[in-house]
Amino acid sequence: MNASLILELVGIFAFALSGASLAVERDFDLVGMAVLAETTALGGGVLRDVLLGTTPAAFSQPAYLVTPLVATAVVFVWHRRLERVARFVLVVDAAGVGLFCVVGTQKALLFGLAGLPAVILGATSAVGGGVLRDLLARQDPTVLRKDSQMYAIPALLGATVIALGQWARIDTPTLAVGAAAVTFALRMLALRYNWRAPHPRR
C-alpha cells in the first residue's frame, strides 16, 4: 500500500466521520448516517475522477467503500462520548479538506494537468464532498455561506503548495504532509479567530 493511498484513506475516514457526525446532529438513523458518511467521503473524489476522465477510484477499490462504513460504526457507538458533536464535525472536516486537497492535486498533476487547473481540481475534490453532505443534510453548503470561516481558501493554499512543489521538483511525502497540515491549521485558525473571505462593500 503506497503512501498516496494511505493518505487518501485517512482523508476518506476523516470526511466520513464528519458526515456521520453531522447525521447524528441532524437526528438521522443508521442508514442516514451511512449515506451521509459515504457521500461526504467519496463525493469529491468521484467528481475529481469523472472530470479527469477516469473510472472513480471508489468503484475499483473496496477499501474506499468500506472505510466510510467503519467511520459510521465508530460514530454510531461512541458519539455520546464526544462532548461537542458540532465542534468535532468541524475538526475532522478540516482534516479531510487538508488531506483531500493534497491527494486531488497530486492526481491531477499525475494525469498531466498544468499547475492552475490541478490546483482548482484539487480544491474542488477537497470541498465537493462537504457540499454534497450539507445539501443532503438540508443546510446551506459551508463553502457558500457568507458567515463561513474560510473553507475553500485553505484548500486552494494546500493545493498550491503541492503544485509549486511539483514545479520545483520537490515531490516527497514530507511536502504532502506539510501541505495538508498547513491547510488544516489555516482552517482551524479561521474557525478560532472567525477569519472570513473578503466581501464586497454594499
# chains A, B, ... in the order shown; residues from 1 in each chain; ligands from 1
>>> residues_around(residues="range 39-48 of chain A", least_positions_apart="5", cutoff="10 Å", atoms="only C-alpha atoms", output="PyMOL selection string")
chain A and resi 8-9+11-20+33-34+53-59+64-65+67-68+71+93+96+100-101+103-105+107-108+121-134+136
>>> select_by_dssp(residues="range 102-196 of chain A", states="helix (DSSP H, G or I)", output="ChimeraX atom specification")
/A:102-110,115-136,142-144,152-167,173-193
>>> residues_around(residues="range 151-162 of chain A", least_positions_apart="5", cutoff="9 Å", atoms="only C-alpha atoms", output="MDAnalysis selection string")
chainID A and resid 94 97:106 115:116 118:124 126:127 142:144 167 170:171 175:176 178:187 190 196:197
>>> atom_distance(atom1="CA of Leu30 in chain A", atom2="CA of Val74 in chain A")
11.6 Å
>>> residues_around(residues="Arg192 in chain A", least_positions_apart="6", cutoff="12 Å", atoms="only C-alpha atoms", output="PyMOL selection string")
chain A and resi 87+90-91+148-150+185-186
>>> write_last_selection(atoms="N, CA and C atoms", output="mmCIF file, in the first residue's frame")
data_model
loop_
_atom_site.group_PDB
_atom_site.id
_atom_site.type_symbol
_atom_site.label_atom_id
_atom_site.label_comp_id
_atom_site.auth_asym_id
_atom_site.auth_seq_id
_atom_site.Cartn_x
_atom_site.Cartn_y
_atom_site.Cartn_z
ATOM 1 N N ARG A 87 -18.540 20.735 17.137
ATOM 2 C CA ARG A 87 -17.119 21.090 17.078
ATOM 3 C C ARG A 87 -16.305 19.949 16.483
ATOM 4 N N LEU A 90 -16.440 19.943 12.721
ATOM 5 C CA LEU A 90 -15.581 20.960 12.110
ATOM 6 C C LEU A 90 -14.122 20.523 12.092
ATOM 7 N N VAL A 91 -13.676 19.888 13.156
ATOM 8 C CA VAL A 91 -12.272 19.470 13.240
ATOM 9 C C VAL A 91 -11.952 18.385 12.214
ATOM 10 N N SER A 148 -19.262 31.709 6.777
ATOM 11 C CA SER A 148 -18.325 30.604 6.970
ATOM 12 C C SER A 148 -16.897 31.140 7.088
ATOM 13 N N GLN A 149 -16.123 30.480 7.914
ATOM 14 C CA GLN A 149 -14.750 30.925 8.162
ATOM 15 C C GLN A 149 -13.798 30.239 7.194
ATOM 16 N N MET A 150 -13.527 30.857 6.088
ATOM 17 C CA MET A 150 -12.529 30.437 5.094
ATOM 18 C C MET A 150 -12.476 28.920 4.918
ATOM 19 N N ALA A 185 -4.304 23.683 9.581
ATOM 20 C CA ALA A 185 -4.024 24.738 10.561
ATOM 21 C C ALA A 185 -4.727 26.039 10.188
ATOM 22 N N LEU A 186 -4.701 26.399 8.905
ATOM 23 C CA LEU A 186 -5.349 27.641 8.478
ATOM 24 C C LEU A 186 -6.859 27.568 8.695
#
>>> atom_distance(atom1="CA of Asp49 in chain A", atom2="CA of Pro62 in chain A")
16.3 Å
>>> atom_distance(atom1="CA of Val89 in chain A", atom2="CA of Ser21 in chain A")
6.0 Å
>>> decode(residues="range 165-188 of chain A", atoms="N, CA and C atoms", output="mmCIF file, in the first residue's frame")
data_model
loop_
_atom_site.group_PDB
_atom_site.id
_atom_site.type_symbol
_atom_site.label_atom_id
_atom_site.label_comp_id
_atom_site.auth_asym_id
_atom_site.auth_seq_id
_atom_site.Cartn_x
_atom_site.Cartn_y
_atom_site.Cartn_z
ATOM 1 N N GLY A 165 5.474 22.612 -5.438
ATOM 2 C CA GLY A 165 6.458 21.570 -5.159
ATOM 3 C C GLY A 165 6.756 20.735 -6.389
ATOM 4 N N GLN A 166 5.717 20.425 -7.157
ATOM 5 C CA GLN A 166 5.899 19.676 -8.403
ATOM 6 C C GLN A 166 6.726 20.490 -9.388
ATOM 7 N N TRP A 167 6.417 21.783 -9.476
ATOM 8 C CA TRP A 167 7.157 22.662 -10.396
ATOM 9 C C TRP A 167 8.626 22.750 -9.994
ATOM 10 N N ALA A 168 8.900 22.763 -8.687
ATOM 11 C CA ALA A 168 10.273 22.851 -8.191
ATOM 12 C C ALA A 168 10.916 21.472 -8.059
ATOM 13 N N ARG A 169 10.208 20.442 -8.511
ATOM 14 C CA ARG A 169 10.683 19.061 -8.452
ATOM 15 C C ARG A 169 10.948 18.610 -7.010
ATOM 16 N N ILE A 170 10.073 19.055 -6.117
ATOM 17 C CA ILE A 170 10.114 18.614 -4.727
ATOM 18 C C ILE A 170 8.853 17.795 -4.486
ATOM 19 N N ASP A 171 8.933 16.528 -4.762
ATOM 20 C CA ASP A 171 7.765 15.650 -4.664
ATOM 21 C C ASP A 171 8.051 14.573 -3.625
ATOM 22 N N THR A 172 7.831 14.907 -2.358
ATOM 23 C CA THR A 172 8.148 13.996 -1.263
ATOM 24 C C THR A 172 6.936 13.849 -0.340
ATOM 25 N N PRO A 173 6.883 12.749 0.392
ATOM 26 C CA PRO A 173 5.805 12.600 1.369
ATOM 27 C C PRO A 173 5.791 13.721 2.401
ATOM 28 N N THR A 174 6.976 14.240 2.729
ATOM 29 C CA THR A 174 7.046 15.332 3.700
ATOM 30 C C THR A 174 6.318 16.569 3.195
ATOM 31 N N LEU A 175 6.461 16.871 1.912
ATOM 32 C CA LEU A 175 5.761 18.018 1.331
ATOM 33 C C LEU A 175 4.251 17.807 1.393
ATOM 34 N N ALA A 176 3.808 16.606 1.078
ATOM 35 C CA ALA A 176 2.372 16.313 1.096
ATOM 36 C C ALA A 176 1.803 16.471 2.504
ATOM 37 N N VAL A 177 2.492 15.912 3.492
ATOM 38 C CA VAL A 177 2.039 16.029 4.876
ATOM 39 C C VAL A 177 2.062 17.489 5.322
ATOM 40 N N GLY A 178 3.115 18.208 4.916
ATOM 41 C CA GLY A 178 3.220 19.623 5.278
ATOM 42 C C GLY A 178 2.097 20.450 4.681
ATOM 43 N N ALA A 179 1.763 20.202 3.411
ATOM 44 C CA ALA A 179 0.679 20.947 2.752
ATOM 45 C C ALA A 179 -0.655 20.658 3.433
ATOM 46 N N ALA A 180 -0.897 19.385 3.778
ATOM 47 C CA ALA A 180 -2.142 19.026 4.469
ATOM 48 C C ALA A 180 -2.204 19.688 5.844
ATOM 49 N N ALA A 181 -1.053 19.728 6.543
ATOM 50 C CA ALA A 181 -1.015 20.340 7.875
ATOM 51 C C ALA A 181 -1.260 21.842 7.799
ATOM 52 N N VAL A 182 -0.689 22.502 6.799
ATOM 53 C CA VAL A 182 -0.895 23.946 6.635
ATOM 54 C C VAL A 182 -2.368 24.242 6.361
ATOM 55 N N THR A 183 -2.976 23.432 5.494
ATOM 56 C CA THR A 183 -4.394 23.612 5.184
ATOM 57 C C THR A 183 -5.248 23.436 6.430
ATOM 58 N N PHE A 184 -4.980 22.374 7.165
ATOM 59 C CA PHE A 184 -5.729 22.107 8.401
ATOM 60 C C PHE A 184 -5.545 23.244 9.404
ATOM 61 N N ALA A 185 -4.304 23.683 9.581
ATOM 62 C CA ALA A 185 -4.024 24.738 10.561
ATOM 63 C C ALA A 185 -4.727 26.039 10.188
ATOM 64 N N LEU A 186 -4.701 26.399 8.905
ATOM 65 C CA LEU A 186 -5.349 27.641 8.478
ATOM 66 C C LEU A 186 -6.859 27.568 8.695
ATOM 67 N N ARG A 187 -7.437 26.429 8.387
ATOM 68 C CA ARG A 187 -8.878 26.266 8.586
ATOM 69 C C ARG A 187 -9.234 26.359 10.074
ATOM 70 N N MET A 188 -8.437 25.732 10.934
ATOM 71 C CA MET A 188 -8.715 25.778 12.363
ATOM 72 C C MET A 188 -8.492 27.182 12.929
#
